[in-house]
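The next block is upload_35.csv, given as CSV, C-alpha atoms.
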```csv
chain,number,residue,atom,x,y,z
A,14,VAL,CA,0.0,0.0,0.0
A,15,LYS,CA,2.8,2.4,0.9
A,16,ILE,CA,4.6,1.6,-2.4
A,17,ARG,CA,1.3,2.2,-4.4
A,18,ARG,CA,0.8,5.6,-2.6
A,19,GLN,CA,4.4,6.6,-3.3
A,20,LEU,CA,3.9,5.7,-7.0
A,21,LEU,CA,0.8,7.8,-7.2
A,22,MET,CA,2.5,10.7,-5.5
A,23,ASP,CA,5.4,10.4,-8.0
A,24,THR,CA,3.0,10.4,-10.9
A,25,LYS,CA,1.2,13.5,-9.7
A,26,ASP,CA,4.5,15.3,-9.2
A,27,GLU,CA,5.7,14.3,-12.7
A,28,ALA,CA,2.4,15.6,-14.2
A,29,LYS,CA,2.8,18.9,-12.4
A,30,THR,CA,6.3,19.2,-13.7
A,31,ASN,CA,5.3,18.4,-17.3
A,32,THR,CA,2.5,20.9,-17.4
A,33,LYS,CA,4.8,24.0,-17.4
A,34,PRO,CA,6.6,23.4,-20.7
A,35,ALA,CA,3.2,22.6,-22.4
A,36,THR,CA,1.8,25.9,-21.1
A,37,VAL,CA,4.8,27.8,-22.4
A,38,ALA,CA,4.5,26.2,-25.8
A,39,ILE,CA,0.8,27.0,-26.1
A,40,SER,CA,1.3,30.6,-25.1
A,41,GLY,CA,4.2,30.8,-27.6
A,42,LYS,CA,2.0,29.6,-30.5
A,43,THR,CA,-0.8,31.9,-29.4
A,44,ARG,CA,1.7,34.9,-29.4
A,45,GLN,CA,3.0,33.9,-32.9
A,46,ALA,CA,-0.6,33.6,-34.2
A,47,ALA,CA,-1.4,37.0,-32.8
A,48,GLU,CA,1.7,38.5,-34.4
A,49,GLN,CA,0.8,37.0,-37.7
A,50,ALA,CA,-2.7,38.3,-37.5
A,51,ALA,CA,-1.5,41.8,-36.7
A,52,ALA,CA,0.8,41.7,-39.7
A,53,THR,CA,-2.2,41.2,-42.0
A,54,TRP,CA,-4.4,43.8,-40.4
A,55,ARG,CA,-5.8,46.4,-42.8
A,56,VAL,CA,-4.5,49.6,-41.2
A,57,ALA,CA,-3.8,53.0,-42.7
A,58,THR,CA,-2.7,56.4,-41.5
A,59,VAL,CA,-3.3,59.6,-43.4
A,60,ILE,CA,-1.8,63.0,-42.5
A,61,ARG,CA,-3.3,66.1,-44.0
A,62,LYS,CA,-1.7,69.5,-43.4
A,63,THR,CA,-3.0,72.7,-44.9
A,64,ALA,CA,-3.2,76.4,-43.9
A,65,GLU,CA,-6.6,75.6,-42.4
A,66,THR,CA,-6.1,72.2,-40.7
A,67,ASN,CA,-3.6,69.8,-39.4
A,68,ILE,CA,-5.1,66.3,-39.3
A,69,GLU,CA,-3.9,62.8,-38.6
A,70,VAL,CA,-6.2,59.8,-39.0
A,71,THR,CA,-5.5,56.1,-38.4
A,72,LEU,CA,-8.1,53.5,-39.3
A,73,ASN,CA,-7.9,49.8,-38.4
A,74,LEU,CA,-10.5,47.7,-40.2
A,75,ASP,CA,-9.7,44.4,-38.5
A,76,GLU,CA,-9.1,45.1,-34.8
A,77,GLU,CA,-10.8,47.3,-32.3
A,78,SER,CA,-7.5,48.8,-31.2
A,79,GLY,CA,-9.3,51.6,-29.3
A,80,VAL,CA,-10.9,54.9,-30.3
A,81,ALA,CA,-9.3,58.2,-29.5
A,82,VAL,CA,-10.9,61.3,-31.2
A,83,ALA,CA,-10.0,64.9,-30.6
A,84,THR,CA,-11.2,67.4,-33.2
A,85,GLY,CA,-12.0,70.3,-30.9
A,86,ILE,CA,-15.7,70.0,-31.9
A,87,GLY,CA,-17.5,68.1,-29.1
A,88,PHE,CA,-20.5,66.9,-31.1
A,89,PHE,CA,-18.4,65.8,-34.0
A,90,ASP,CA,-16.1,63.8,-31.6
A,91,HIS,CA,-19.2,62.1,-30.3
A,92,MET,CA,-20.4,61.1,-33.8
A,93,LEU,CA,-17.0,59.7,-34.8
A,94,ASN,CA,-16.8,57.7,-31.6
A,95,LEU,CA,-20.2,56.2,-32.5
A,96,PHE,CA,-19.1,55.4,-36.0
A,97,ALA,CA,-16.0,53.5,-34.8
A,98,LYS,CA,-17.8,51.7,-32.0
A,99,HIS,CA,-20.7,50.4,-34.1
A,100,GLY,CA,-18.4,49.6,-37.0
A,101,ARG,CA,-16.0,47.8,-34.6
A,102,PHE,CA,-13.1,49.7,-36.0
A,103,GLY,CA,-9.9,51.0,-34.4
A,104,LEU,CA,-9.8,54.8,-35.0
A,105,THR,CA,-7.5,57.6,-34.0
A,106,VAL,CA,-8.3,61.2,-35.1
A,107,LYS,CA,-6.2,64.2,-34.1
A,108,ALA,CA,-7.3,67.5,-35.6
A,109,ASP,CA,-6.2,71.0,-35.1
A,110,GLY,CA,-8.3,73.3,-37.3
A,111,ASP,CA,-9.4,76.9,-37.6
A,112,THR,CA,-12.5,76.4,-35.5
A,113,TYR,CA,-12.3,80.0,-34.4
A,114,ILE,CA,-13.9,80.7,-37.8
A,115,ASP,CA,-16.3,77.7,-37.8
A,116,ALA,CA,-16.2,73.9,-37.9
A,117,HIS,CA,-16.5,73.6,-41.7
A,118,HIS,CA,-12.8,73.1,-42.6
A,119,THR,CA,-12.1,70.7,-39.7
A,120,VAL,CA,-15.2,68.5,-40.4
A,121,GLU,CA,-14.6,68.3,-44.1
A,122,ASP,CA,-10.9,67.6,-43.9
A,123,VAL,CA,-11.3,64.9,-41.2
A,124,ALA,CA,-13.8,63.2,-43.6
A,125,LEU,CA,-11.3,63.6,-46.5
A,126,ALA,CA,-8.6,61.9,-44.4
A,127,LEU,CA,-10.9,59.2,-43.1
A,128,GLY,CA,-12.0,58.3,-46.6
A,129,GLN,CA,-8.4,58.2,-47.9
A,130,ALA,CA,-7.4,56.0,-44.9
A,131,LEU,CA,-10.3,53.7,-45.8
A,132,THR,CA,-9.1,53.5,-49.5
A,133,LYS,CA,-5.5,52.9,-48.4
A,134,ALA,CA,-6.4,50.2,-45.9
A,135,LEU,CA,-8.6,48.3,-48.3
A,136,GLY,CA,-5.8,48.0,-50.9
A,137,ASP,CA,-6.9,45.9,-53.9
A,138,LYS,CA,-10.2,45.0,-52.2
A,139,LYS,CA,-9.8,41.3,-52.8
A,140,GLN,CA,-12.5,39.1,-51.2
A,141,ILE,CA,-14.4,42.0,-49.5
A,142,GLU,CA,-18.1,41.8,-49.5
A,143,ARG,CA,-18.2,45.2,-51.2
A,144,TYR,CA,-21.8,46.0,-50.3
A,145,GLY,CA,-23.2,46.9,-46.9
A,146,ASP,CA,-26.4,48.3,-45.5
A,147,ALA,CA,-27.9,49.1,-42.1
A,148,TRP,CA,-31.1,50.4,-40.6
A,149,VAL,CA,-30.5,52.1,-37.3
A,150,PRO,CA,-33.2,53.5,-35.0
A,151,MET,CA,-32.5,56.2,-32.3
A,152,ASP,CA,-35.6,56.6,-30.3
A,153,GLU,CA,-38.1,58.3,-32.7
A,154,ALA,CA,-35.6,58.6,-35.6
A,155,LEU,CA,-34.9,55.9,-38.2
A,156,THR,CA,-32.1,56.0,-40.8
A,157,GLN,CA,-30.9,53.7,-43.6
A,158,VAL,CA,-27.3,53.7,-44.9
A,159,VAL,CA,-26.3,51.7,-48.0
A,160,ILE,CA,-22.7,51.4,-49.3
A,161,ASP,CA,-21.1,50.0,-52.4
A,162,LEU,CA,-17.3,50.1,-52.3
A,163,SER,CA,-17.3,50.2,-56.1
A,164,GLY,CA,-14.5,52.7,-56.7
A,165,ARG,CA,-17.1,55.0,-58.2
A,166,PRO,CA,-17.9,57.7,-55.6
A,167,TYR,CA,-21.4,59.1,-55.4
A,168,LEU,CA,-23.6,60.4,-52.6
A,169,VAL,CA,-27.3,60.5,-52.2
A,170,PHE,CA,-28.3,62.3,-49.0
A,171,LYS,CA,-31.9,62.7,-47.9
A,172,ALA,CA,-32.6,64.2,-44.5
A,173,GLU,CA,-34.2,67.4,-43.0
A,174,LEU,CA,-32.2,68.7,-40.1
A,175,SER,CA,-34.4,71.4,-38.5
A,176,THR,CA,-32.0,72.5,-35.8
A,177,PRO,CA,-29.1,74.5,-37.3
A,178,PHE,CA,-26.6,74.1,-34.4
A,179,LEU,CA,-25.9,71.3,-31.9
A,180,GLY,CA,-23.4,72.9,-29.5
A,181,THR,CA,-20.9,74.6,-31.9
A,182,PHE,CA,-21.6,72.1,-34.6
A,183,GLU,CA,-23.4,73.3,-37.7
A,184,THR,CA,-25.8,70.5,-38.7
A,185,GLU,CA,-25.5,71.4,-42.4
A,186,LEU,CA,-22.0,70.0,-42.1
A,187,VAL,CA,-23.3,66.5,-41.8
A,188,GLU,CA,-24.0,66.3,-45.5
A,189,ASP,CA,-20.6,67.8,-46.2
A,190,PHE,CA,-19.0,65.1,-44.1
A,191,PHE,CA,-20.8,62.3,-46.0
A,192,GLN,CA,-19.9,63.9,-49.3
A,193,ALA,CA,-16.2,64.0,-48.5
A,194,ILE,CA,-16.0,60.5,-47.1
A,195,ALA,CA,-17.9,59.1,-50.2
A,196,MET,CA,-15.6,60.9,-52.6
A,197,ASN,CA,-12.3,59.9,-50.9
A,198,GLY,CA,-13.5,56.5,-49.8
A,199,LEU,CA,-14.4,55.8,-53.4
A,200,MET,CA,-17.9,54.6,-52.4
A,201,ASN,CA,-21.4,54.8,-53.6
A,202,LEU,CA,-23.1,56.0,-50.4
A,203,HIS,CA,-26.8,56.4,-49.8
A,204,VAL,CA,-27.9,58.0,-46.5
A,205,ARG,CA,-31.7,58.3,-46.0
A,206,ASN,CA,-33.4,59.4,-42.8
A,207,GLU,CA,-36.9,57.8,-42.9
A,208,TYR,CA,-38.3,60.0,-40.1
A,209,GLY,CA,-37.4,61.6,-36.9
A,210,ARG,CA,-38.1,64.7,-34.8
A,211,ASN,CA,-34.9,65.3,-32.8
A,212,THR,CA,-31.9,66.5,-34.9
A,213,HIS,CA,-29.4,65.0,-32.5
A,214,HIS,CA,-31.1,61.6,-32.8
A,215,ILE,CA,-31.3,61.8,-36.6
A,216,ILE,CA,-27.6,62.5,-37.0
A,217,GLU,CA,-26.6,59.9,-34.4
A,218,SER,CA,-28.6,57.2,-36.3
A,219,MET,CA,-26.7,58.2,-39.5
A,220,PHE,CA,-23.3,57.8,-38.0
A,221,LYS,CA,-24.2,54.5,-36.3
A,222,ALA,CA,-25.7,53.2,-39.5
A,223,LEU,CA,-22.6,54.3,-41.4
A,224,GLY,CA,-20.4,52.3,-39.1
A,225,ARG,CA,-22.5,49.2,-39.3
A,226,ALA,CA,-23.0,49.3,-43.1
A,227,LEU,CA,-19.2,49.9,-43.6
A,228,ARG,CA,-18.4,46.9,-41.3
A,229,ARG,CA,-20.4,44.7,-43.6
A,230,ALA,CA,-18.9,46.1,-46.8
A,231,VAL,CA,-15.3,45.6,-45.7
A,232,THR,CA,-15.8,42.1,-44.3
A,233,VAL,CA,-13.6,39.5,-46.0
A,234,ASN,CA,-15.4,36.5,-47.4
A,235,GLU,CA,-13.1,33.7,-48.4
A,236,ALA,CA,-15.8,32.3,-50.7
A,237,ILE,CA,-15.2,35.3,-53.0
A,238,VAL,CA,-12.6,34.7,-55.7
A,239,GLY,CA,-10.5,37.8,-56.3
A,240,VAL,CA,-12.6,41.0,-56.2
A,241,ASN,CA,-16.4,41.0,-56.1
A,242,SER,CA,-16.8,42.5,-59.6
A,243,THR,CA,-17.3,41.1,-63.1
A,244,LYS,CA,-14.9,43.7,-64.4
A,245,GLY,CA,-12.1,42.3,-62.2
A,246,SER,CA,-11.3,45.5,-60.3
A,247,LEU,CA,-12.9,47.8,-57.7
A,248,THR,CA,-10.1,50.4,-57.9
A,249,VAL,CA,-10.4,51.8,-61.4
```
Let's see the structure in the file written out as structure tokens.
Amino acid sequence: VKIRRQLLMDTKDEAKTNTKPATVAISGKTRQAAEQAAATWRVATVIRKTAETNIEVTLNLDEESGVAVATGIGFFDHMLNLFAKHGRFGLTVKADGDTYIDAHHTVEDVALALGQALTKALGDKKQIERYGDAWVPMDEALTQVVIDLSGRPYLVFKAELSTPFLGTFETELVEDFFQAIAMNGLMNLHVRNEYGRNTHHIIESMFKALGRALRRAVTVNEAIVGVNSTKGSLTV
């Protein structure tokens, strides 16, 4: 009996000893896999400097690497945060603009840089779904956004924004934002507010829907051979 107990104790000790190398090996493989995944992430940074604005945008399509937005325009920061969160994107925006005049240059130039970062991160667009759509409610407001990453930019924007200012943000800039991101993101973009009373709610539903629709459009589908186009390209 004593011998049997001793053998059992020795076996347990040996098992404990052998578990450490196995754990190290697994964590090593996991780390290697994570590094390989990070190397293939679709990430792009765009820096735009003019006499009116100094902007840096980094967009990560494949990993929620955090959201840090500072444009000096509170409502606009809020909308960009919503876009990134609901699109599950990593997004960094640093903007220093001539907001002592108004928000126009900053909002438009951030959208320009964001659209360019999207185009850069997508590369040749192989195996992306290309199309994305989303309906998003915000209390009494309901908005639809539909996207085609076709390489042919076009915007259809349908909404009535009855309140001219939200904080220091001019609400007419919302359409300018979508125009700039469509042109520089090389997308066919339709934004349609179905109904709503509160202007904040309407605009918020737009930015959330943009994030969700874009997430669908940039999603990689391995069943797609090459690019999702009969002409063989989504970049020309």
Next on the checklist: Show me, as number ranges by chain, the residues that have an atom within 7 Å of region 182-195 of chain A when counting all atoms listed in the file, minus same-chain residues fewer than 4 positions from it.
Outcome noted: A: 86, 88, 116-117, 120-121, 124-125, 127-128, 166-168, 170, 174, 177-178, 199-202
Item to check | Neighbour list for region 210-224 of chain A as a count of residues only, cut-off 7 Å, all atoms listed in the file, skip fewer than 6 positions in-chain | outcome: 20
Item to check | Who sits within 9 Å of Lys98 (chain A), all atoms listed in the file, same chain under 3 positions skipped, as an MDAnalysis selection string | outcome: chainID A and resid 77 79:80 93:95 101:103 221 224
Item to check | Protein, DNA and RNA residues within 10 Å of (-30.3, 63.5, -50.3), only C-alpha atoms, as a list in words | outcome: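 Here the neighbourhood of the point contains Leu168, Val169, Phe170, Lys171, Ala172, Glu173, Glu188, His203, Val204, Arg205 and Asn206 of chain A.
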Item to check | Pick from A:Ile60, A:Gly209, A:Ser163, A:Asn67, whichever lies nearest to Asp111 (chain A) using only C-alpha atoms | outcome: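 So, comparing all the options, the nearest one is A:Asn67.
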Item to check | Option closest in space to Asp90 (chain A), from A:Thr66, A:Ala126, A:Asp115, A:Gly180 [counting only C-alpha atoms] | outcome: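 That would be A:Gly180, the residue with the smallest distance to Asp90 (chain A).
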Checklist entry - Nearest to Gly164 (chain A): which of A:Thr119, A:Gln140, A:Thr248, A:Thr232 is it, counting all atoms listed in the file? => result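 That would be A:Thr248, the residue with the smallest distance to Gly164 (chain A).
From CA of Ala57 (chain A) back to CA of Ala236 (chain A), the distance works out to 25.2 Å.
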Checklist entry - Which distance in Å separates CA of Ala130 (chain A) and CA of Glu235 (chain A), to one decimal? => result 23.3 Å
Checklist entry - Using all atoms listed in the file, which of the listed residues (A:Glu76, A:Asp152, A:Glu207, A:Glu142) sits closest to Ser242 (chain A)? => result A:Glu142
Item to check | Selected residue, from A:Lys62, A:Arg229, A:Lys138, A:His118, that lies nearest to Ser246 (chain A) when counting only C-alpha atoms | outcome: A:Lys138
Checklist entry - Which one is closest to Arg225 (chain A): A:Val159, A:Met196, A:Val82, A:Val249? Count only C-alpha atoms. => result A:Val159
Checklist entry - How many Å lie between CA of Gly87 (chain A) and CA of Thr105 (chain A), rounded to one decimal? => result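 Spanning CA of Gly87 (chain A) to CA of Thr105 (chain A) is a straight-line distance of 15.3 Å.
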All heavy atoms for region 128-139 of chain A, written as a compact mmCIF listing (two decimals), keeping the file's coordinate frame, could you do that?
```txt
# COMPACT_ATOMS: atom_id res chain seq x y z
N GLY A 128 -11.74 59.04 -45.39
CA GLY A 128 -12.00 58.30 -46.60
C GLY A 128 -10.76 57.84 -47.31
O GLY A 128 -10.71 56.71 -47.82
N GLN A 129 -9.70 58.66 -47.29
CA GLN A 129 -8.40 58.20 -47.90
C GLN A 129 -7.80 57.10 -47.09
O GLN A 129 -7.21 56.18 -47.68
CB GLN A 129 -7.48 59.44 -47.92
CG GLN A 129 -7.89 60.50 -48.94
CD GLN A 129 -7.13 61.81 -48.78
OE1 GLN A 129 -6.23 61.93 -47.95
NE2 GLN A 129 -7.51 62.80 -49.57
N ALA A 130 -7.94 57.13 -45.76
CA ALA A 130 -7.40 56.00 -44.90
C ALA A 130 -8.16 54.73 -45.25
O ALA A 130 -7.56 53.65 -45.30
CB ALA A 130 -7.55 56.37 -43.45
N LEU A 131 -9.47 54.83 -45.47
CA LEU A 131 -10.30 53.70 -45.80
C LEU A 131 -9.78 53.07 -47.16
O LEU A 131 -9.55 51.85 -47.28
CB LEU A 131 -11.73 54.03 -45.93
CG LEU A 131 -12.67 52.95 -46.49
CD1 LEU A 131 -12.70 51.72 -45.58
CD2 LEU A 131 -14.08 53.51 -46.67
N THR A 132 -9.61 53.92 -48.16
CA THR A 132 -9.10 53.50 -49.50
C THR A 132 -7.78 52.81 -49.37
O THR A 132 -7.53 51.75 -49.97
CB THR A 132 -9.11 54.66 -50.45
OG1 THR A 132 -10.43 55.18 -50.61
CG2 THR A 132 -8.57 54.24 -51.80
N LYS A 133 -6.91 53.43 -48.60
CA LYS A 133 -5.50 52.90 -48.40
C LYS A 133 -5.55 51.56 -47.69
O LYS A 133 -4.84 50.62 -48.07
CB LYS A 133 -4.71 53.93 -47.65
CG LYS A 133 -3.24 53.62 -47.53
CD LYS A 133 -2.53 54.78 -46.83
CE LYS A 133 -1.04 54.48 -46.62
NZ LYS A 133 -0.38 55.60 -45.90
N ALA A 134 -6.36 51.45 -46.65
CA ALA A 134 -6.40 50.20 -45.90
C ALA A 134 -7.00 49.06 -46.66
O ALA A 134 -6.59 47.91 -46.50
CB ALA A 134 -7.23 50.44 -44.59
N LEU A 135 -7.94 49.34 -47.54
CA LEU A 135 -8.60 48.30 -48.30
C LEU A 135 -7.69 47.71 -49.41
O LEU A 135 -7.88 46.58 -49.85
CB LEU A 135 -9.89 48.81 -48.95
CG LEU A 135 -11.07 48.97 -48.01
CD1 LEU A 135 -12.21 49.68 -48.72
CD2 LEU A 135 -11.54 47.63 -47.49
N GLY A 136 -6.73 48.49 -49.88
CA GLY A 136 -5.80 48.00 -50.90
C GLY A 136 -6.53 47.60 -52.18
O GLY A 136 -7.32 48.38 -52.73
N ASP A 137 -6.31 46.36 -52.64
CA ASP A 137 -6.90 45.90 -53.90
C ASP A 137 -8.35 45.42 -53.74
O ASP A 137 -9.00 45.04 -54.70
CB ASP A 137 -6.05 44.84 -54.57
CG ASP A 137 -5.86 43.61 -53.68
OD1 ASP A 137 -6.61 43.45 -52.69
OD2 ASP A 137 -4.96 42.80 -53.98
N LYS A 138 -8.84 45.41 -52.50
CA LYS A 138 -10.20 45.00 -52.20
C LYS A 138 -10.57 43.59 -52.50
O LYS A 138 -11.75 43.24 -52.64
CB LYS A 138 -11.22 45.97 -52.90
CG LYS A 138 -11.06 47.44 -52.55
CD LYS A 138 -12.09 48.30 -53.26
CE LYS A 138 -11.89 49.77 -52.95
NZ LYS A 138 -12.86 50.63 -53.69
N LYS A 139 -9.57 42.73 -52.57
CA LYS A 139 -9.80 41.30 -52.80
C LYS A 139 -10.64 40.69 -51.70
O LYS A 139 -10.35 40.89 -50.53
CB LYS A 139 -8.53 40.55 -53.04
CG LYS A 139 -7.85 40.83 -54.37
CD LYS A 139 -6.60 39.98 -54.54
CE LYS A 139 -5.94 40.23 -55.90
NZ LYS A 139 -4.70 39.42 -56.06
```
